[in-house]
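Data file: work36.cif. Format and content: mmCIF, C-alpha atoms.
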data_my_file
#
loop_
_atom_site.label_atom_id
_atom_site.label_comp_id
_atom_site.auth_asym_id
_atom_site.auth_seq_id
_atom_site.Cartn_x
_atom_site.Cartn_y
_atom_site.Cartn_z
CA MET A 5 7.72 66.25 10.79
CA LYS A 6 7.77 69.53 12.67
CA ILE A 7 4.44 70.52 11.09
CA LEU A 8 2.94 67.18 12.19
CA LYS A 9 4.08 67.71 15.78
CA THR A 10 2.58 71.19 15.79
CA PHE A 11 -0.69 69.79 14.47
CA PHE A 12 -0.89 67.14 17.20
CA ALA A 13 -0.02 69.71 19.89
CA ALA A 14 -2.84 71.97 18.69
CA LEU A 15 -5.21 69.00 18.60
CA MET A 16 -4.36 68.02 22.19
CA LEU A 17 -4.92 71.62 23.29
CA LEU A 18 -8.37 71.65 21.69
CA VAL A 19 -9.25 68.34 23.37
CA THR A 20 -8.10 69.70 26.74
CA LEU A 21 -10.13 72.88 26.32
CA PHE A 22 -13.18 70.88 25.26
CA THR A 23 -12.85 68.56 28.26
CA PHE A 24 -12.47 71.52 30.61
CA ALA A 25 -15.52 73.20 29.09
CA GLN A 26 -17.49 70.00 29.52
CA GLY A 27 -16.41 69.81 33.18
CA GLU A 28 -17.65 73.35 33.75
CA LYS A 29 -21.01 72.71 32.07
CA LYS A 30 -23.97 73.45 34.31
CA LEU A 31 -26.25 70.51 34.98
CA ASP A 32 -30.01 70.12 35.20
CA LYS A 33 -31.55 68.99 38.48
CA ILE A 34 -34.41 66.50 38.87
CA ILE A 35 -36.05 66.74 42.29
CA LYS A 36 -37.94 63.52 42.99
CA ARG A 37 -40.94 63.12 45.27
CA ASP A 38 -38.85 61.10 47.70
CA TYR A 39 -36.56 64.19 48.01
CA GLN A 40 -33.73 62.66 45.99
CA ILE A 41 -31.96 65.19 43.75
CA ILE A 42 -30.43 63.95 40.47
CA GLU A 43 -27.88 66.19 38.74
CA CYS A 44 -27.86 65.31 35.04
CA THR A 45 -28.30 66.44 31.45
CA ILE A 46 -31.92 66.19 30.33
CA SER A 47 -32.45 65.30 26.67
CA LYS A 48 -36.21 64.86 26.46
CA VAL A 49 -39.35 65.66 28.47
CA SER A 50 -42.69 64.12 27.55
CA ASP A 51 -46.07 63.74 29.23
CA LYS A 52 -45.05 60.36 30.67
CA THR A 53 -41.26 60.25 31.01
CA VAL A 54 -38.10 62.33 31.32
CA GLU A 55 -34.94 61.10 29.62
CA TYR A 56 -31.54 62.10 30.96
CA SER A 57 -27.88 61.08 31.20
CA LEU A 58 -25.56 61.27 34.20
CA PRO A 59 -22.35 63.36 34.12
CA GLY A 60 -19.62 61.64 32.11
CA GLU A 61 -22.03 59.06 30.67
CA THR A 62 -23.91 58.75 27.38
CA VAL A 63 -26.44 56.12 28.45
CA GLN A 64 -29.97 57.55 28.42
CA ILE A 65 -32.08 56.86 31.51
CA SER A 66 -35.87 57.13 31.48
CA LEU A 67 -37.80 58.25 34.57
CA ASP A 68 -41.57 58.29 34.96
CA VAL A 69 -42.92 61.79 35.67
CA SER A 70 -45.05 60.37 38.49
CA GLN A 71 -41.79 60.15 40.49
CA ILE A 72 -40.80 63.75 39.78
CA ALA A 73 -41.82 66.80 41.79
CA ARG A 74 -39.78 69.43 40.00
CA ILE A 75 -37.05 70.02 37.40
CA GLU A 76 -34.55 72.88 37.68
CA PHE A 77 -32.98 73.36 34.25
CA SER A 78 -29.43 74.70 33.91
CA SER A 79 -30.86 77.69 32.01
CA GLY A 80 -32.63 78.83 35.17
CA ARG A 81 -36.11 77.73 34.07
CA SER A 82 -38.05 75.40 36.35
CA GLN A 83 -40.86 72.95 35.63
CA THR A 84 -43.11 71.29 38.18
CA PHE A 85 -45.31 68.21 37.85
CA ASP A 86 -48.79 67.61 39.24
CA VAL A 87 -50.00 64.03 39.18
CA SER A 88 -53.24 64.58 41.09
CA GLY A 89 -56.23 62.91 39.47
CA GLY A 90 -53.95 60.82 37.27
CA ASN A 91 -52.81 63.85 35.28
CA ASN A 92 -49.09 63.59 34.54
CA SER A 93 -48.77 66.84 32.65
CA PRO A 94 -46.55 69.65 33.95
CA SER A 95 -48.29 72.17 36.17
CA SER A 96 -47.47 75.70 37.24
CA SER A 97 -47.93 74.76 40.91
CA SER A 98 -45.39 72.60 42.70
CA ALA A 99 -46.20 69.11 43.87
CA ILE A 100 -45.96 69.54 47.61
CA VAL A 101 -44.83 66.79 49.96
CA SER A 102 -46.34 67.72 53.32
CA SER A 103 -44.56 67.20 56.63
CA GLU A 104 -46.36 66.27 59.82
CA MET A 105 -47.97 69.45 61.12
CA LYS A 106 -46.63 70.78 64.43
CA THR A 107 -49.06 73.30 65.89
CA ASN A 108 -47.86 76.47 67.63
CA THR A 109 -44.50 76.16 65.87
CA ILE A 110 -42.77 78.97 64.01
CA ALA A 111 -40.13 78.51 61.30
CA VAL A 112 -37.56 81.06 60.16
CA LEU A 113 -37.09 81.16 56.40
CA PRO A 114 -33.78 81.94 54.67
CA VAL A 115 -33.35 85.72 54.51
CA PRO A 116 -32.58 87.01 50.99
CA TYR A 117 -29.72 89.51 51.31
CA LEU A 118 -29.74 91.54 48.10
CA ASN A 119 -27.60 94.36 46.72
CA SER A 120 -30.29 96.44 45.04
CA ASP A 121 -27.74 98.11 42.73
CA THR A 122 -26.20 94.94 41.28
CA GLN A 123 -29.12 92.56 42.03
CA GLU A 124 -26.56 90.14 43.49
CA SER A 125 -27.66 87.95 46.39
CA SER A 126 -25.20 86.67 48.98
CA GLU A 127 -25.78 83.08 50.09
CA ASP A 128 -23.44 83.45 53.08
CA MET A 129 -25.19 86.59 54.32
CA ALA A 130 -28.63 85.02 53.70
CA LYS A 131 -27.67 82.16 56.02
CA PHE A 132 -26.12 84.55 58.54
CA ALA A 133 -29.25 86.73 58.63
CA GLN A 134 -31.48 83.66 58.99
CA ASN A 135 -29.34 82.40 61.85
CA ASP A 136 -29.39 85.84 63.51
CA LEU A 137 -33.19 86.00 63.43
CA TYR A 138 -33.45 82.39 64.63
CA ASN A 139 -31.20 83.13 67.63
CA LYS A 140 -33.18 86.25 68.47
CA LEU A 141 -36.35 84.16 68.64
CA LEU A 142 -34.64 81.55 70.82
CA ASP A 143 -33.30 84.23 73.17
CA LYS A 144 -36.83 85.57 73.57
CA SER A 145 -38.57 82.18 73.72
CA SER A 146 -40.35 83.14 76.94
CA ASN A 147 -41.77 86.21 75.19
CA ILE A 148 -43.35 84.28 72.31
CA LEU A 149 -45.19 81.57 74.25
CA PRO A 150 -47.04 79.36 73.39
CA LEU A 151 -44.97 79.31 70.18
CA THR A 152 -41.85 77.19 69.88
CA VAL A 153 -39.15 77.74 67.24
CA GLN A 154 -38.48 74.95 64.76
CA ASP A 155 -34.85 73.85 64.72
CA LEU A 156 -32.97 75.61 61.94
CA ARG A 157 -31.43 72.38 60.64
CA THR A 158 -34.89 70.86 60.27
CA THR A 159 -36.16 73.92 58.39
CA ASN A 160 -33.22 74.09 55.99
CA SER A 161 -33.20 70.34 55.39
CA LEU A 162 -36.88 70.29 54.43
CA LEU A 163 -36.46 73.32 52.19
CA HIS A 164 -33.41 71.80 50.50
CA LYS A 165 -35.28 68.57 49.77
CA ALA A 166 -38.04 70.65 48.16
CA GLY A 167 -35.52 72.56 46.04
CA ILE A 168 -36.05 75.86 47.87
CA ASP A 169 -33.29 78.26 48.94
CA HIS A 170 -32.68 82.00 49.42
CA ASN A 171 -32.94 82.56 45.65
CA ASN A 172 -36.49 81.27 45.20
CA VAL A 173 -38.04 81.28 48.68
CA ASP A 174 -39.85 84.55 47.88
CA GLU A 175 -41.51 82.86 44.89
CA THR A 176 -42.96 79.99 46.92
CA PRO A 177 -46.52 80.44 48.30
CA ILE A 178 -46.76 80.56 52.08
CA GLU A 179 -49.34 77.77 52.13
CA ASP A 180 -46.84 75.52 50.35
CA LEU A 181 -44.05 76.49 52.74
CA GLU A 182 -46.22 75.70 55.76
CA LYS A 183 -46.98 72.24 54.33
CA ILE A 184 -43.35 71.55 53.47
CA LEU A 185 -42.10 72.66 56.90
CA GLY A 186 -45.02 71.26 58.91
CA VAL A 187 -45.56 74.52 60.85
CA ASP A 188 -48.50 76.86 61.32
CA ASN A 189 -46.38 80.02 61.79
CA ILE A 190 -43.66 81.50 59.58
CA VAL A 191 -41.43 84.54 59.81
CA ALA A 192 -40.09 85.80 56.49
CA ALA A 193 -37.57 88.64 56.27
CA LYS A 194 -35.55 90.22 53.48
CA VAL A 195 -32.61 92.64 53.54
CA SER A 196 -31.99 95.00 50.63
CA TYR A 197 -29.05 97.40 50.62
CA THR A 198 -26.88 99.84 48.68
CA VAL A 199 -23.29 100.83 49.42
CA THR A 200 -21.61 104.21 48.85
CA THR A 201 -18.06 105.33 49.58
CA ASN A 202 -17.01 108.91 50.28
CA SER A 203 -13.39 110.02 50.06
CA THR A 204 -11.98 113.05 51.84
CA ALA A 205 -8.45 114.48 51.79
CA THR A 206 -6.91 116.42 54.68
CA THR A 207 -3.69 118.43 54.30
CA TYR A 208 -1.46 119.39 57.22
CA ASN A 209 1.22 122.11 56.85
CA SER A 210 4.17 122.57 59.20
CA GLY A 211 7.38 124.59 58.91
CA ASN A 212 9.50 127.45 60.22
CA ALA A 213 10.81 130.77 58.96
CA LYS A 214 14.26 132.34 59.48
CA VAL A 215 15.16 136.02 59.10
CA SER A 216 18.70 136.94 58.07
CA LYS A 217 20.81 139.41 60.02
CA ASN A 218 20.22 142.23 57.59
CA ASP A 219 16.45 141.67 57.89
CA LYS A 220 16.14 141.52 54.16
CA LYS A 221 16.02 137.77 53.42
CA ILE A 222 13.53 135.22 54.74
CA THR A 223 14.00 131.48 54.30
CA THR A 224 11.32 128.86 55.07
CA ASN A 225 11.28 125.11 55.53
CA ASP A 226 7.65 123.95 54.97
CA VAL A 227 6.40 120.36 55.21
CA SER A 228 3.00 119.46 53.70
CA THR A 229 1.25 116.12 54.45
CA THR A 230 -1.99 114.97 52.79
CA THR A 231 -4.06 112.12 54.25
CA ALA A 232 -6.87 110.41 52.33
CA ASN A 233 -9.83 109.00 54.26
CA ASN A 234 -12.40 106.60 52.80
CA GLN A 235 -15.73 106.10 54.55
CA THR A 236 -18.25 103.45 53.51
CA PHE A 237 -21.99 103.87 54.11
CA TYR A 238 -24.55 101.06 54.06
CA TYR A 239 -28.18 101.96 53.39
CA TYR A 240 -30.53 99.13 54.32
CA THR A 241 -34.22 98.38 53.92
CA VAL A 242 -35.49 95.51 56.05
CA TYR A 243 -38.75 93.78 55.09
CA PHE A 244 -40.37 91.75 57.85
CA ASP A 245 -43.49 89.55 57.51
CA MET A 246 -45.21 87.03 59.79
CA TYR A 247 -47.80 84.45 58.82
CA LYS A 248 -50.17 82.30 60.85
CA ASN A 249 -52.15 79.55 59.09
CA THR A 250 -51.26 81.13 55.69
CA THR A 251 -52.61 84.54 56.78
CA LYS A 252 -50.24 87.50 56.97
CA ILE A 253 -50.60 88.85 60.52
CA TYR A 254 -47.73 91.36 60.48
CA SER A 255 -45.91 93.25 57.74
CA GLN A 256 -43.44 96.08 58.31
CA THR A 257 -40.59 97.79 56.50
CA ARG A 258 -37.81 99.64 58.32
CA LYS A 259 -34.72 101.60 57.36
CA PRO A 260 -32.00 101.72 60.06
CA PHE A 261 -31.13 105.15 61.40
CA LEU A 262 -27.37 104.53 61.15
CA ALA A 263 -25.71 103.79 57.80
CA ILE A 264 -23.20 101.32 59.21
CA LYS A 265 -22.41 97.77 58.13
CA ASP A 266 -24.51 95.76 60.64
CA SER A 267 -27.31 98.24 61.30
CA TRP A 268 -29.85 95.89 59.66
CA MET A 269 -29.57 93.65 62.72
CA ASP A 270 -30.93 96.40 64.97
CA SER A 271 -33.91 96.81 62.65
CA VAL A 272 -34.67 93.09 62.85
CA THR A 273 -34.65 93.28 66.65
CA TYR A 274 -36.88 96.36 66.59
CA LEU A 275 -39.44 94.75 64.28
CA LEU A 276 -39.44 91.44 66.15
CA LYS A 277 -40.19 93.11 69.49
CA ARG A 278 -43.16 94.90 67.94
CA SER A 279 -44.60 91.86 66.23
CA PRO A 280 -47.89 90.35 67.48
CA ILE A 281 -46.19 87.16 68.72
CA TYR A 282 -43.96 89.09 71.14
CA VAL A 283 -45.27 89.71 74.68
CA LYS A 284 -43.33 91.93 77.09
CA LYS A 285 -42.60 90.48 80.51
#
What do you get writing this file as structure tokens?
Amino acid sequence: MKILKTFFAALMLLVTLFTFAQGEKKLDKIIKRDYQIIECTISKVSDKTVEYSLPGETVQISLDVSQIARIEFSSGRSQTFDVSGGNNSPSSSSAIVSSEMKTNTIAVLPVPYLNSDTQESSEDMAKFAQNDLYNKLLDKSSNILPLTVQDLRTTNSLLHKAGIDHNNVDETPIEDLEKILGVDNIVAAKVSYTVTTNSTATTYNSGNAKVSKNDKKITTNDVSTTTANNQTFYYYTVYFDMYKNTTKIYSQTRKPFLAIKDSWMDSVTYLLKRSPIYVKK
């Protein structure tokens, strides 16, 4: 009886672990042409249809490839579909859904923020850097006339619907980005950095000496204190590009003079003020 209970306990543990593993399983993403994103498990891809199942379900659903713009597989591989000319076969170029073009409008792309040592990219810092550049353009709106800055929510919403974020924005052609965002000007920046830490130790000595009456014996009472200091240095490279009607009109790279945490922001300001869209007043 005891052996049977142990067996059932082990079986329940295996079921629990299997269920947990299933819950942690990464899903595929189907990005439809109407901007709907379906998270699922894809079982089959053919020239005409894609078969998939929703999380927690076994029922297979079939979707015509004419409705699909792109598939992001859980493995990291992506596949796009081009249905122009009645051809439903996968294509290496994305099927672009164009927005209404707004002339003399500039959009700020997400800013990849990459640790060049670990190759890790921070989503939070990418958004922060994008927001910082966006606010700098707004603050200097009178200096970039006749350009107006596209609202950041509009930019990010359109990019999200197209399956583009800070991880793959560098891989997307500028002409496609201009169509997706409906703008004729784009500013694209990237921040790459490395971090080093230096440690120094400082020792302080204090004490006193006493001489005995016979001048033959000296006693001391020394106190020694050691303090450790850690200093972190940030070495940035800021890449800054501007495009007008798909043509690159400005491209600069700058390393901040100071190796402090937020010094990349000063470089962005420096490069923006020297860009061709900026006019001093």
Taking the file as shown, find all residues satisfying the PyMOL selection byres ((chain A and resi 268) around 8) and write them as a ChimeraX atom specification.
/A:195,240-242,259-260,265-267,269-272
Quick one, how far is CA of Leu118 in chain A from CA of Thr257 in chain A?
15.1 Å
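Point (-48.3, 89.4, 58.2) has the following residues at most 10 Å away: Ile190, Val191, Ala192, Phe244, Asp245, Met246, Tyr247, Lys248, Thr250, Thr251, Lys252, Ile253, Tyr254, Ser255, Gln256, Ser279 and Pro280 of chain A (atoms considered: only C-alpha atoms).
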Which neighbours of Met129 in chain A fall inside 12 Å, counting only C-alpha atoms, when residues of the same chain fewer than 2 positions from it are skipped, and could you give them as a PyMOL selection string?
chain A and resi 114-119+124-127+131-136+170+194-196+266+268-269
Would you export the selected residues with C-alpha atoms as a short mmCIF file (atom, residue, chain, number, x, y, z; two decimals), in the coordinates of the input, please?
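Done, and the output landed in part-v4.cif:
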data_model
loop_
_atom_site.label_atom_id
_atom_site.label_comp_id
_atom_site.auth_asym_id
_atom_site.auth_seq_id
_atom_site.Cartn_x
_atom_site.Cartn_y
_atom_site.Cartn_z
CA PRO A 114 -33.78 81.94 54.67
CA VAL A 115 -33.35 85.72 54.51
CA PRO A 116 -32.58 87.01 50.99
CA TYR A 117 -29.72 89.51 51.31
CA LEU A 118 -29.74 91.54 48.10
CA ASN A 119 -27.60 94.36 46.72
CA GLU A 124 -26.56 90.14 43.49
CA SER A 125 -27.66 87.95 46.39
CA SER A 126 -25.20 86.67 48.98
CA GLU A 127 -25.78 83.08 50.09
CA LYS A 131 -27.67 82.16 56.02
CA PHE A 132 -26.12 84.55 58.54
CA ALA A 133 -29.25 86.73 58.63
CA GLN A 134 -31.48 83.66 58.99
CA ASN A 135 -29.34 82.40 61.85
CA ASP A 136 -29.39 85.84 63.51
CA HIS A 170 -32.68 82.00 49.42
CA LYS A 194 -35.55 90.22 53.48
CA VAL A 195 -32.61 92.64 53.54
CA SER A 196 -31.99 95.00 50.63
CA ASP A 266 -24.51 95.76 60.64
CA TRP A 268 -29.85 95.89 59.66
CA MET A 269 -29.57 93.65 62.72
#
Between CA of Val173 in chain A and CA of Phe77 in chain A, what is the spacing in Å?
17.2 Å
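Nearest residue to Thr236 in chain A among A:Asp128, A:Ala111, A:Pro177, A:Leu262 is A:Leu262, counting all atoms listed in the file.
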Counting only C-alpha atoms, which of A:Gln123, A:Asn147, A:Ser47, A:Gln235 gets nearest to Lys285 in chain A?
A:Asn147
Tell me which protein, DNA and RNA residues are within 9 Å of Ile35 in chain A, counting all atoms listed in the file, leaving out same-chain ones fewer than 2 positions away, and put them as an MDAnalysis selection string.
chainID A and resid 33 37:43 71:76 165:167
Residues picked by the PyMOL selection byres ((chain A and resi 56) around 8) here, as JSON, numbers by chain?
{"A": [44, 45, 46, 47, 48, 54, 55, 57, 58, 64, 65, 66]}
Only N, CA, C and O atoms, as a JSON list (two decimals), in the first residue's frame: that is what I want for range 46-59 of chain A.
[["chain", "number", "residue", "atom", "x", "y", "z"],
["A", 46, "ILE", "N", 1.85, 26.52, -34.13],
["A", 46, "ILE", "CA", 1.67, 26.20, -35.55],
["A", 46, "ILE", "C", 2.12, 24.77, -35.81],
["A", 46, "ILE", "O", 3.22, 24.36, -35.42],
["A", 47, "SER", "N", 1.26, 24.01, -36.48],
["A", 47, "SER", "CA", 1.58, 22.61, -36.78],
["A", 47, "SER", "C", 1.94, 22.37, -38.24],
["A", 47, "SER", "O", 2.66, 21.42, -38.55],
["A", 48, "LYS", "N", 1.45, 23.24, -39.13],
["A", 48, "LYS", "CA", 1.70, 23.02, -40.55],
["A", 48, "LYS", "C", 1.61, 24.33, -41.32],
["A", 48, "LYS", "O", 0.72, 25.13, -41.08],
["A", 49, "VAL", "N", 2.55, 24.52, -42.26],
["A", 49, "VAL", "CA", 2.53, 25.68, -43.15],
["A", 49, "VAL", "C", 2.63, 25.17, -44.58],
["A", 49, "VAL", "O", 3.58, 24.46, -44.94],
["A", 50, "SER", "N", 1.65, 25.53, -45.40],
["A", 50, "SER", "CA", 1.66, 25.15, -46.81],
["A", 50, "SER", "C", 1.57, 26.40, -47.67],
["A", 50, "SER", "O", 1.55, 27.52, -47.16],
["A", 51, "ASP", "N", 1.53, 26.19, -48.99],
["A", 51, "ASP", "CA", 1.44, 27.34, -49.90],
["A", 51, "ASP", "C", 0.12, 28.08, -49.78],
["A", 51, "ASP", "O", 0.03, 29.25, -50.15],
["A", 52, "LYS", "N", -0.93, 27.39, -49.29],
["A", 52, "LYS", "CA", -2.25, 27.99, -49.25],
["A", 52, "LYS", "C", -2.78, 28.28, -47.85],
["A", 52, "LYS", "O", -3.52, 29.23, -47.65],
["A", 53, "THR", "N", -2.40, 27.44, -46.87],
["A", 53, "THR", "CA", -2.95, 27.60, -45.52],
["A", 53, "THR", "C", -1.89, 27.41, -44.45],
["A", 53, "THR", "O", -0.82, 26.83, -44.70],
["A", 54, "VAL", "N", -2.22, 27.90, -43.26],
["A", 54, "VAL", "CA", -1.42, 27.66, -42.05],
["A", 54, "VAL", "C", -2.35, 27.03, -41.02],
["A", 54, "VAL", "O", -3.44, 27.55, -40.76],
["A", 55, "GLU", "N", -1.93, 25.92, -40.45],
["A", 55, "GLU", "CA", -2.73, 25.23, -39.45],
["A", 55, "GLU", "C", -2.11, 25.45, -38.08],
["A", 55, "GLU", "O", -0.90, 25.32, -37.91],
["A", 56, "TYR", "N", -2.97, 25.77, -37.10],
["A", 56, "TYR", "CA", -2.48, 26.08, -35.77],
["A", 56, "TYR", "C", -3.52, 25.71, -34.72],
["A", 56, "TYR", "O", -4.70, 25.48, -35.04],
["A", 57, "SER", "N", -3.10, 25.68, -33.46],
["A", 57, "SER", "CA", -4.02, 25.47, -32.34],
["A", 57, "SER", "C", -3.78, 26.55, -31.31],
["A", 57, "SER", "O", -2.64, 27.03, -31.13],
["A", 58, "LEU", "N", -4.83, 26.95, -30.61],
["A", 58, "LEU", "CA", -4.73, 27.98, -29.58],
["A", 58, "LEU", "C", -4.22, 27.37, -28.28],
["A", 58, "LEU", "O", -4.34, 26.15, -28.07],
["A", 59, "PRO", "N", -3.64, 28.18, -27.38],
["A", 59, "PRO", "CA", -3.13, 27.65, -26.11],
["A", 59, "PRO", "C", -4.20, 26.91, -25.32],
["A", 59, "PRO", "O", -5.33, 27.39, -25.17]]
